[in-house]
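Before any comments, here is the structure.
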Amino acid sequence: MYALVIGLFHPFDVENFHRAKDFVYNNLVRFYSVRAVVEGLDTFDTMKGKNFIIVANHQSSLDMFPLLKATPHRTTFLAKKELLFAPLFGVAAWLYGVVFINRAHSKSARGVMDQTAERISEKKINVWIFPEGTRSQSGTLLPFKKGAFHLAQQTQLPIVPIVIYDYSSIFNKKSKTFDSGVIKGKVLAPLSTEGTTADDVSKLAENVRQVMLKVFHEQDHLDKERNDASSSNDKKMM
């Protein structure tokens with residue numbers, strides 16, 4: 001409701017997100033005892049005066065926590081059209097300038113992407129996209145759809161990947177329930193698309209996915225090392 005009121009006072013302004021995000025985040029943390037820790041936010045400080053395409057992996061609605069922490073100013077989001085009809089949320093998102101895309105109709109989707117390319121170039125805004133297209137339940141990254149990369153190539157804007165690490169330790173994918181805890185993420189270095197053509201889009205998408213995949217699974221190795229060290233210490237104490 002708070003976010004909706006802000007949207008009514010500043011309709012279709014992408015800065016509405018920043019007007020609301022701290023209030024929303026702090027209350028979500030208080031209510032649900034989940035918080036986000038995101039590394040690499042200083043990456044956005046090095047890109048002041050530039051706009052870019054953000055791509056991030058998607059696991060569940062809990063991605064909202066790192067999203068609220070990591071989203072820079074002048075950023076809108078690409079979302080599936082079905083969310084437009086979600087009570088309250090859909091209206092608020094519409095008033096925040098979120099771009100809705102009908103994935104079932106490729107011609108319509110291409111038209112929206114062309115309009116989005118014009119909009120972000122003219123108004124100097126960023127776009128956050130989940131290129132997997134749906135929530136990953138597999139403990140890894142799904143293959144990337146190419147829409148985000150066509151957009152990046154078309155506008156020649158850099159891509160900023162954001163990795164949201166696996167948080168299955170607090171989220172049960174089967175029952176859709178979660179416990180208190182921390183969701184970690186990391187903003188990676190921007191990747192240039194200057195000089196790329198439409199023929200490079202598939203390769204660009206896979207290159208970005210491989211970069212993100214490597215970082216995503218780094219956390220697995222760190223957790224394993226911590227568990228091994230903990231087990232070793234326990235044995236020594238025994």
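Chain labels run A, B, ... following the order of the structure tokens; each chain numbers its residues from 1, and ligands are numbered from 1 in the order shown.
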
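Using only C-alpha atoms, the residues found no farther than 8 Å from Lys186 of chain A, other than those of its own chain fewer than 2 positions away, are Val38, Glu39, Gly40, Leu41, Ile162, Val163, Ile164, Tyr165, Lys184 and Leu188 of chain A.
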
Which of segment 6-236 of chain A counts as strand (DSSP E or B) under DSSP, as a ChimeraX atom specification please? /A:34-39,53-56,75-80,99-101,126-129,159-164,171-172,177-178,181-187,191

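Here atom CA of Ala152 of chain A is placed at a distance of 27.0 Å from atom CA of Ser138 of chain A.
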
Just want the 10 Å neighbourhood of Thr155 of chain A, counted on only C-alpha atoms, with same-chain residues fewer than 6 positions away dropped. Output as a ChimeraX atom specification. /A:52-53,114,116-118,120-121,149,193-194

Just write the chosen residues, N, CA and C atoms, as a PDB file, in the first residue's frame.
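Written output follows (out38.pdb):
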```pdb
ATOM      1  N   PHE A  52      22.955   1.031 -18.209  1.00  0.00           N
ATOM      2  CA  PHE A  52      23.393  -0.341 -18.453  1.00  0.00           C
ATOM      3  C   PHE A  52      22.233  -1.302 -18.289  1.00  0.00           C
ATOM      4  N   ILE A  53      22.485  -2.554 -18.673  1.00  0.00           N
ATOM      5  CA  ILE A  53      21.518  -3.642 -18.526  1.00  0.00           C
ATOM      6  C   ILE A  53      21.993  -4.539 -17.385  1.00  0.00           C
ATOM      7  N   ASP A 114      11.792  -3.394 -28.531  1.00  0.00           N
ATOM      8  CA  ASP A 114      12.213  -2.265 -29.370  1.00  0.00           C
ATOM      9  C   ASP A 114      11.857  -0.936 -28.700  1.00  0.00           C
ATOM     10  N   THR A 116      11.469  -0.508 -25.515  1.00  0.00           N
ATOM     11  CA  THR A 116      12.316  -0.401 -24.333  1.00  0.00           C
ATOM     12  C   THR A 116      13.698   0.115 -24.705  1.00  0.00           C
ATOM     13  N   ALA A 117      14.233  -0.357 -25.828  1.00  0.00           N
ATOM     14  CA  ALA A 117      15.543   0.109 -26.293  1.00  0.00           C
ATOM     15  C   ALA A 117      15.522   1.613 -26.525  1.00  0.00           C
ATOM     16  N   GLU A 118      14.447   2.105 -27.144  1.00  0.00           N
ATOM     17  CA  GLU A 118      14.325   3.546 -27.376  1.00  0.00           C
ATOM     18  C   GLU A 118      14.215   4.307 -26.056  1.00  0.00           C
ATOM     19  N   ILE A 120      15.226   3.454 -22.916  1.00  0.00           N
ATOM     20  CA  ILE A 120      16.414   3.511 -22.065  1.00  0.00           C
ATOM     21  C   ILE A 120      17.504   4.384 -22.687  1.00  0.00           C
ATOM     22  N   SER A 121      17.511   4.469 -24.016  1.00  0.00           N
ATOM     23  CA  SER A 121      18.488   5.336 -24.679  1.00  0.00           C
ATOM     24  C   SER A 121      18.115   6.809 -24.520  1.00  0.00           C
ATOM     25  N   PHE A 149      19.970  -9.838 -23.994  1.00  0.00           N
ATOM     26  CA  PHE A 149      21.213  -9.678 -24.733  1.00  0.00           C
ATOM     27  C   PHE A 149      20.976  -9.024 -26.092  1.00  0.00           C
ATOM     28  N   THR A 193      29.476  -4.449 -24.519  1.00  0.00           N
ATOM     29  CA  THR A 193      28.838  -4.996 -25.723  1.00  0.00           C
ATOM     30  C   THR A 193      29.173  -4.137 -26.941  1.00  0.00           C
ATOM     31  N   GLU A 194      30.077  -3.201 -26.784  1.00  0.00           N
ATOM     32  CA  GLU A 194      30.427  -2.307 -27.896  1.00  0.00           C
ATOM     33  C   GLU A 194      30.983  -3.107 -29.066  1.00  0.00           C
TER      34      GLU A 194
END
```

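Distances to Val14 of chain A were evaluated for A:Arg74, A:His150, A:Lys107, A:Lys176 using only C-alpha atoms, and the minimum falls at A:Arg74.
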
All residues 10 Å or closer to His18 of chain A, only C-alpha atoms, same chain fewer than 5 positions away omitted, as an MDAnalysis selection string: chainID A and resid 23 68 71:75

Go ahead and write the selection's residues with C-alpha atoms as a short mmCIF file (atom, residue, chain, number, x, y, z; two decimals), in the first residue's frame.
```
data_model
loop_
_atom_site.label_atom_id
_atom_site.label_comp_id
_atom_site.auth_asym_id
_atom_site.auth_seq_id
_atom_site.Cartn_x
_atom_site.Cartn_y
_atom_site.Cartn_z
CA PHE A 23 10.96 1.45 3.83
CA LEU A 68 15.97 -4.08 -2.86
CA THR A 71 19.15 -1.85 -7.40
CA PRO A 72 20.85 1.43 -8.40
CA HIS A 73 19.08 4.69 -9.18
CA ARG A 74 17.30 5.17 -12.52
CA THR A 75 16.51 1.46 -12.90
#
```

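Minimum atom-to-atom distance to Pro190 of chain A, evaluated using only C-alpha atoms, belongs to A:Phe44 out of A:Phe44, A:Tyr167, A:Tyr32, A:Phe17.
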
Would you mind telling me which residue in A:Met47, A:Ala189, A:Leu204, A:Val91 lies nearest to Asn126 of chain A when using only C-alpha atoms? A:Met47

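What separates atom CA of Glu15 of chain A from atom CA of Trp94 of chain A is a distance of 12.9 Å.
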
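Of the residues under consideration (A:Val215, A:Ala56, A:Ile183, A:Val5), A:Ala56 shows the shortest atom-to-atom contact distance to Thr134 of chain A when counting only C-alpha atoms.
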
For segment 28-30 of chain A, please output as a PyMOL selection string all residues within 10 Å (counting only C-alpha atoms; exclusion window: fewer than 3 positions along the same chain). chain A and resi 22-25+33-36+64-65+180-181

Among chain A, which ones does DSSP assign to alpha helix (DSSP H) (computed from the backbone)? Answer as a PyMOL selection string. chain A and resi 2-9+16-32+64-70+89-95+106-123+147-155+201-237

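Note that the spacing between atom CA of Lys69 of chain A and atom CA of Asp166 of chain A amounts to 16.8 Å.
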
With distances taken over only C-alpha atoms, which of A:Val211, A:Leu4, A:Ile54, A:Ala92 is nearest to Pro131 of chain A? A:Ile54

Using only C-alpha atoms, which of the listed residues (A:His58, A:Lys174, A:Lys123, A:Lys80) sits closest to Asp13 of chain A? A:Lys123
